Amino acid sequence: MDDLAGFLRTRRSRVDPSSVGIPVDSRRRVEGLRREEVAHLSGVSVDYYVRLEQGRATQPSEQVLDALARVLGLDETERGHLGRLACQRRRAKSPGGRLRPELLRVLDLVADAPALIMNHRLDVVAGNRLAGLLYGRRPQGLNTARHIFLEETERGLYADWETCTLDAVGHLRLAAGKYPDDPRLASLIGELAMGSDRFRRLWARADVRARTHGRKAYRHPLVGLLELHQENFALPDESGMELLVLSAAPGSPTEDGLRLLETLGGDVAPRAGSRALGPHGA
């Protein structure tokens with residue numbers, strides 16, 4: 001699903017040679033840095049770097065990876081991704097398992113904000129009532145990447161649809177680097193690539209993004225624009241799952257919109273505690 005060679009190629013193609021002291025003239029036909037330039041700036045031999053891009057080199061040291069990250073201008077998230085791609089012999093086992101009942105009770109306690117528990121494939125494994133009202137359906141079983149790319153387009157639920165597509169692809173790239181042997185993740189990526197031109201274009205860029213927090217805007221058919229703040233909390237059990245809470249600023253139109261949505265929505269979704277995972281997790 002993901003490989004070190006492709007990641008290195010896309011990263012070096014984005015480095016402006018002049019930014020690292022390499023003169024550029026009109027005869028230059030290479031976009032970004034050449035392989036030999038990356039090798040020289042990183043302090044490794046050209047032959048070794050070529051073998052690294054071709055997947056034929058032995059596992060690079062942390063010093064080599066740090067040097068490559070410096071030359072390629074990688075941020076912290078990209079540096080971590082580079083390290084995982086370079087350590088394919090230590091593949092992480094795809095997480096799974098049942099959702100603890102205590103976590104479902106936590107979702108029930110979040111009454112005034114949509115809250116979801118989501119896995120590394122962007123599958124919603126549980127959600128509270130407001131999450132169901134926000135999406136207009138029972139949230140369990142929803143895959144948000146599939147929802148963004150194949151079900152809700154530019155004029156759908158996501159007010160910042162293009163940004164959402166960048167976030168989704170960036171997250172799936174990280175997941176593919178961490179869990180390269182996950183067949184369900186590979187199947188999802190293949191489905192999205194077959195069904196969405198935008199997904200294919202973004203996937204080819206090999207960008208990675210870590211989900212932490214930020215603005216999320218929704219265009220809800222019943223209550224209009226909802227400008228929410230998303231906080232992601234990684235669950236401390238190596239499950240690969242996160243708790244996502246979408247909160248509204250106190251006294252804001254969005255807070256009023258969520259209250260209105262709760263009164264208008266009816267019984268769209270049952271309580272979170274009644275929706276445990278099946279025997280194989282998600």
# chains A, B, ... in the order shown; residues from 1 in each chain; ligands from 1
$ select_by_dssp --residues "region 76-250 of chain A" --states "strand (DSSP E)" --output "VMD selection string"
chain A and resid 115 to 118 124 to 127 213 to 220 224 to 234 242 to 247
$ select_by_dssp --residues "region 106-256 of chain A" --states "helix (DSSP H, G or I)" --output "PyMOL selection string"
chain A and resi 106-109+129-135+144-151+161-178+183-195+197-204+253-256
$ residues_around --residues "Thr254 (chain A)" --least-positions-apart "4" --cutoff "7 Å" --atoms "only C-alpha atoms" --output "list in words"
Leu226, Glu227, Ala248 and Leu258 of chain A
$ residues_around --residues "Glu255 (chain A)" --least-positions-apart "4" --cutoff "10 Å" --atoms "only C-alpha atoms" --output "PyMOL selection string"
chain A and resi 112-113+226-228+247-251+259-261
$ write_last_selection --atoms "N, CA, C and O atoms" --output "compact mmCIF listing (two decimals), in the first residue's frame"
# COMPACT_ATOMS: atom_id res chain seq x y z
N ASP A 112 -23.74 17.11 25.03
CA ASP A 112 -23.95 18.38 24.31
C ASP A 112 -23.07 18.53 23.07
O ASP A 112 -23.01 19.61 22.49
N ALA A 113 -22.37 17.47 22.68
CA ALA A 113 -21.49 17.55 21.51
C ALA A 113 -21.49 16.21 20.79
O ALA A 113 -21.56 15.16 21.44
N LEU A 226 -22.70 24.42 10.77
CA LEU A 226 -22.23 24.11 12.12
C LEU A 226 -20.71 24.17 12.10
O LEU A 226 -20.06 23.34 11.47
N GLU A 227 -20.14 25.16 12.78
CA GLU A 227 -18.68 25.32 12.85
C GLU A 227 -18.21 24.76 14.18
O GLU A 227 -18.34 25.40 15.23
N LEU A 228 -17.65 23.58 14.15
CA LEU A 228 -17.28 22.83 15.34
C LEU A 228 -15.76 22.74 15.48
O LEU A 228 -15.02 22.91 14.51
N SER A 247 -17.00 20.01 19.44
CA SER A 247 -17.63 20.95 20.37
C SER A 247 -17.90 22.29 19.69
O SER A 247 -17.21 22.69 18.75
N ALA A 248 -18.91 22.98 20.22
CA ALA A 248 -19.26 24.32 19.74
C ALA A 248 -18.82 25.35 20.77
O ALA A 248 -18.85 25.09 21.98
N ALA A 249 -18.42 26.51 20.31
CA ALA A 249 -18.04 27.59 21.21
C ALA A 249 -19.27 28.03 22.01
O ALA A 249 -20.37 28.17 21.44
N PRO A 250 -19.11 28.27 23.31
CA PRO A 250 -20.25 28.71 24.13
C PRO A 250 -20.87 29.99 23.60
O PRO A 250 -20.18 30.94 23.24
N GLY A 251 -22.19 30.00 23.53
CA GLY A 251 -22.90 31.18 23.08
C GLY A 251 -22.88 31.43 21.59
O GLY A 251 -23.36 32.46 21.11
N ARG A 259 -28.40 22.50 19.66
CA ARG A 259 -29.59 22.36 20.52
C ARG A 259 -30.84 22.18 19.67
O ARG A 259 -31.71 21.36 19.98
N LEU A 260 -30.91 22.96 18.60
CA LEU A 260 -32.06 22.83 17.71
C LEU A 260 -32.08 21.47 17.03
O LEU A 260 -33.13 20.84 16.90
N LEU A 261 -30.92 21.02 16.62
CA LEU A 261 -30.82 19.72 15.96
C LEU A 261 -31.31 18.61 16.88
O LEU A 261 -32.00 17.69 16.45
$ residues_around --residues "region 32-34 of chain A" --least-positions-apart "3" --cutoff "12 Å" --atoms "only C-alpha atoms" --output "PDB file with N, CA and C atoms, in the first residue's frame"
ATOM      1  N   LEU A   8      10.049   8.768  -0.775  1.00  0.00           N
ATOM      2  CA  LEU A   8      11.263   9.547  -1.013  1.00  0.00           C
ATOM      3  C   LEU A   8      11.183  10.305  -2.333  1.00  0.00           C
ATOM      4  N   ARG A   9      10.651   9.658  -3.366  1.00  0.00           N
ATOM      5  CA  ARG A   9      10.565  10.326  -4.671  1.00  0.00           C
ATOM      6  C   ARG A   9       9.659  11.545  -4.619  1.00  0.00           C
ATOM      7  N   THR A  10       8.503  11.393  -3.979  1.00  0.00           N
ATOM      8  CA  THR A  10       7.590  12.537  -3.930  1.00  0.00           C
ATOM      9  C   THR A  10       8.163  13.668  -3.087  1.00  0.00           C
ATOM     10  N   ARG A  11       8.853  13.327  -2.015  1.00  0.00           N
ATOM     11  CA  ARG A  11       9.408  14.386  -1.156  1.00  0.00           C
ATOM     12  C   ARG A  11      10.537  15.139  -1.852  1.00  0.00           C
ATOM     13  N   ARG A  12      11.433  14.429  -2.530  1.00  0.00           N
ATOM     14  CA  ARG A  12      12.553  15.152  -3.161  1.00  0.00           C
ATOM     15  C   ARG A  12      12.081  15.982  -4.350  1.00  0.00           C
ATOM     16  N   SER A  13      10.962  15.582  -4.969  1.00  0.00           N
ATOM     17  CA  SER A  13      10.447  16.349  -6.106  1.00  0.00           C
ATOM     18  C   SER A  13       9.913  17.707  -5.672  1.00  0.00           C
ATOM     19  N   ARG A  14       9.691  17.895  -4.364  1.00  0.00           N
ATOM     20  CA  ARG A  14       9.108  19.141  -3.866  1.00  0.00           C
ATOM     21  C   ARG A  14      10.134  20.110  -3.283  1.00  0.00           C
ATOM     22  N   VAL A  15      11.363  19.686  -3.220  1.00  0.00           N
ATOM     23  CA  VAL A  15      12.387  20.554  -2.632  1.00  0.00           C
ATOM     24  C   VAL A  15      12.916  21.509  -3.700  1.00  0.00           C
ATOM     25  N   ASP A  16      12.879  22.779  -3.409  1.00  0.00           N
ATOM     26  CA  ASP A  16      13.433  23.791  -4.312  1.00  0.00           C
ATOM     27  C   ASP A  16      14.958  23.728  -4.230  1.00  0.00           C
ATOM     28  N   PRO A  17      15.646  23.362  -5.329  1.00  0.00           N
ATOM     29  CA  PRO A  17      17.108  23.243  -5.269  1.00  0.00           C
ATOM     30  C   PRO A  17      17.800  24.498  -4.732  1.00  0.00           C
ATOM     31  N   SER A  18      17.296  25.660  -5.092  1.00  0.00           N
ATOM     32  CA  SER A  18      17.925  26.899  -4.630  1.00  0.00           C
ATOM     33  C   SER A  18      17.843  27.057  -3.123  1.00  0.00           C
ATOM     34  N   SER A  19      16.856  26.416  -2.493  1.00  0.00           N
ATOM     35  CA  SER A  19      16.715  26.533  -1.041  1.00  0.00           C
ATOM     36  C   SER A  19      17.792  25.764  -0.293  1.00  0.00           C
ATOM     37  N   VAL A  20      18.464  24.839  -0.980  1.00  0.00           N
ATOM     38  CA  VAL A  20      19.550  24.082  -0.344  1.00  0.00           C
ATOM     39  C   VAL A  20      20.891  24.407  -0.996  1.00  0.00           C
ATOM     40  N   GLY A  21      20.946  25.536  -1.692  1.00  0.00           N
ATOM     41  CA  GLY A  21      22.219  26.025  -2.230  1.00  0.00           C
ATOM     42  C   GLY A  21      22.624  25.470  -3.571  1.00  0.00           C
ATOM     43  N   ILE A  22      21.686  24.881  -4.314  1.00  0.00           N
ATOM     44  CA  ILE A  22      22.002  24.329  -5.629  1.00  0.00           C
ATOM     45  C   ILE A  22      21.531  25.306  -6.692  1.00  0.00           C
ATOM     46  N   PRO A  23      22.442  25.828  -7.519  1.00  0.00           N
ATOM     47  CA  PRO A  23      22.024  26.786  -8.553  1.00  0.00           C
ATOM     48  C   PRO A  23      21.125  26.127  -9.589  1.00  0.00           C
ATOM     49  N   VAL A  24      20.171  26.875 -10.100  1.00  0.00           N
ATOM     50  CA  VAL A  24      19.207  26.369 -11.071  1.00  0.00           C
ATOM     51  C   VAL A  24      19.265  27.234 -12.313  1.00  0.00           C
ATOM     52  N   ARG A  28      17.741  22.897 -16.567  1.00  0.00           N
ATOM     53  CA  ARG A  28      17.372  21.866 -15.603  1.00  0.00           C
ATOM     54  C   ARG A  28      15.984  21.325 -15.932  1.00  0.00           C
ATOM     55  N   ARG A  29      15.861  20.035 -16.045  1.00  0.00           N
ATOM     56  CA  ARG A  29      14.596  19.410 -16.410  1.00  0.00           C
ATOM     57  C   ARG A  29      13.989  18.610 -15.265  1.00  0.00           C
ATOM     58  N   GLU A  37      21.862  14.542  -5.754  1.00  0.00           N
ATOM     59  CA  GLU A  37      21.879  15.733  -4.899  1.00  0.00           C
ATOM     60  C   GLU A  37      21.387  15.411  -3.490  1.00  0.00           C
ATOM     61  N   VAL A  38      20.343  14.586  -3.403  1.00  0.00           N
ATOM     62  CA  VAL A  38      19.876  14.159  -2.085  1.00  0.00           C
ATOM     63  C   VAL A  38      20.969  13.368  -1.375  1.00  0.00           C
ATOM     64  N   ALA A  39      21.623  12.471  -2.110  1.00  0.00           N
ATOM     65  CA  ALA A  39      22.695  11.671  -1.515  1.00  0.00           C
ATOM     66  C   ALA A  39      23.818  12.557  -0.990  1.00  0.00           C
ATOM     67  N   HIS A  40      24.265  13.507  -1.796  1.00  0.00           N
ATOM     68  CA  HIS A  40      25.361  14.394  -1.388  1.00  0.00           C
ATOM     69  C   HIS A  40      24.980  15.211  -0.158  1.00  0.00           C
ATOM     70  N   LEU A  41      23.801  15.784  -0.168  1.00  0.00           N
ATOM     71  CA  LEU A  41      23.386  16.623   0.950  1.00  0.00           C
ATOM     72  C   LEU A  41      23.136  15.813   2.223  1.00  0.00           C
ATOM     73  N   VAL A  46      25.842   7.884  -3.546  1.00  0.00           N
ATOM     74  CA  VAL A  46      24.775   7.886  -4.543  1.00  0.00           C
ATOM     75  C   VAL A  46      24.230   6.482  -4.731  1.00  0.00           C
ATOM     76  N   TYR A  49      21.864   5.588  -1.892  1.00  0.00           N
ATOM     77  CA  TYR A  49      20.574   6.264  -1.971  1.00  0.00           C
ATOM     78  C   TYR A  49      19.730   5.686  -3.104  1.00  0.00           C
ATOM     79  N   VAL A  50      20.346   5.382  -4.239  1.00  0.00           N
ATOM     80  CA  VAL A  50      19.598   4.778  -5.350  1.00  0.00           C
ATOM     81  C   VAL A  50      18.999   3.446  -4.908  1.00  0.00           C
ATOM     82  N   GLU A  53      15.972   4.065  -2.695  1.00  0.00           N
ATOM     83  CA  GLU A  53      14.752   4.387  -3.444  1.00  0.00           C
ATOM     84  C   GLU A  53      14.205   3.185  -4.199  1.00  0.00           C
ATOM     85  N   VAL A  71      17.232  17.140   4.793  1.00  0.00           N
ATOM     86  CA  VAL A  71      17.398  17.575   3.410  1.00  0.00           C
ATOM     87  C   VAL A  71      16.045  17.728   2.725  1.00  0.00           C
ATOM     88  N   LEU A  72      15.133  16.812   3.000  1.00  0.00           N
ATOM     89  CA  LEU A  72      13.828  16.817   2.339  1.00  0.00           C
ATOM     90  C   LEU A  72      12.826  17.735   3.028  1.00  0.00           C
ATOM     91  N   GLY A  73      13.224  18.334   4.139  1.00  0.00           N
ATOM     92  CA  GLY A  73      12.350  19.279   4.825  1.00  0.00           C
ATOM     93  C   GLY A  73      11.119  18.637   5.440  1.00  0.00           C
TER      94      GLY A  73
END
$ closest_atom_pairs --of "region 89-167 of chain A" --to "region 194-198 of chain A" --cutoff "12 Å" --atoms "only C-alpha atoms" --output "JSON lines"
{"residue": "A:Ala145", "atom": "CA", "partner": "A:Ser196", "partner_atom": "CA", "distance": 11.0}
{"residue": "A:Arg146", "atom": "CA", "partner": "A:Gly195", "partner_atom": "CA", "distance": 9.4}
{"residue": "A:His147", "atom": "CA", "partner": "A:Ser196", "partner_atom": "CA", "distance": 11.5}
{"residue": "A:Ile148", "atom": "CA", "partner": "A:Ser196", "partner_atom": "CA", "distance": 10.1}
{"residue": "A:Phe149", "atom": "CA", "partner": "A:Ser196", "partner_atom": "CA", "distance": 6.3}
{"residue": "A:Leu150", "atom": "CA", "partner": "A:Gly195", "partner_atom": "CA", "distance": 6.7}
{"residue": "A:Glu151", "atom": "CA", "partner": "A:Gly195", "partner_atom": "CA", "distance": 10.3}
{"residue": "A:Glu152", "atom": "CA", "partner": "A:Ser196", "partner_atom": "CA", "distance": 11.6}
{"residue": "A:Thr153", "atom": "CA", "partner": "A:Ser196", "partner_atom": "CA", "distance": 10.3}
{"residue": "A:Glu154", "atom": "CA", "partner": "A:Arg198", "partner_atom": "CA", "distance": 11.4}
{"residue": "A:Trp161", "atom": "CA", "partner": "A:Arg198", "partner_atom": "CA", "distance": 11.4}
{"residue": "A:Glu162", "atom": "CA", "partner": "A:Arg198", "partner_atom": "CA", "distance": 9.4}
{"residue": "A:Thr163", "atom": "CA", "partner": "A:Arg198", "partner_atom": "CA", "distance": 12.0}
{"residue": "A:Cys164", "atom": "CA", "partner": "A:Arg198", "partner_atom": "CA", "distance": 11.8}
{"residue": "A:Thr165", "atom": "CA", "partner": "A:Arg198", "partner_atom": "CA", "distance": 8.2}
{"residue": "A:Leu166", "atom": "CA", "partner": "A:Arg198", "partner_atom": "CA", "distance": 9.7}
$ closest_residue --among "A:Pro183, A:Pro114, A:Gly265, A:Gly190" --to "Tyr218 (chain A)" --atoms "only C-alpha atoms"
A:Pro114
$ residues_around --residues "Gln54 (chain A)" --least-positions-apart "5" --cutoff "10 Å" --atoms "only C-alpha atoms" --output "MDAnalysis selection string"
chainID A and resid 3:6 48:49
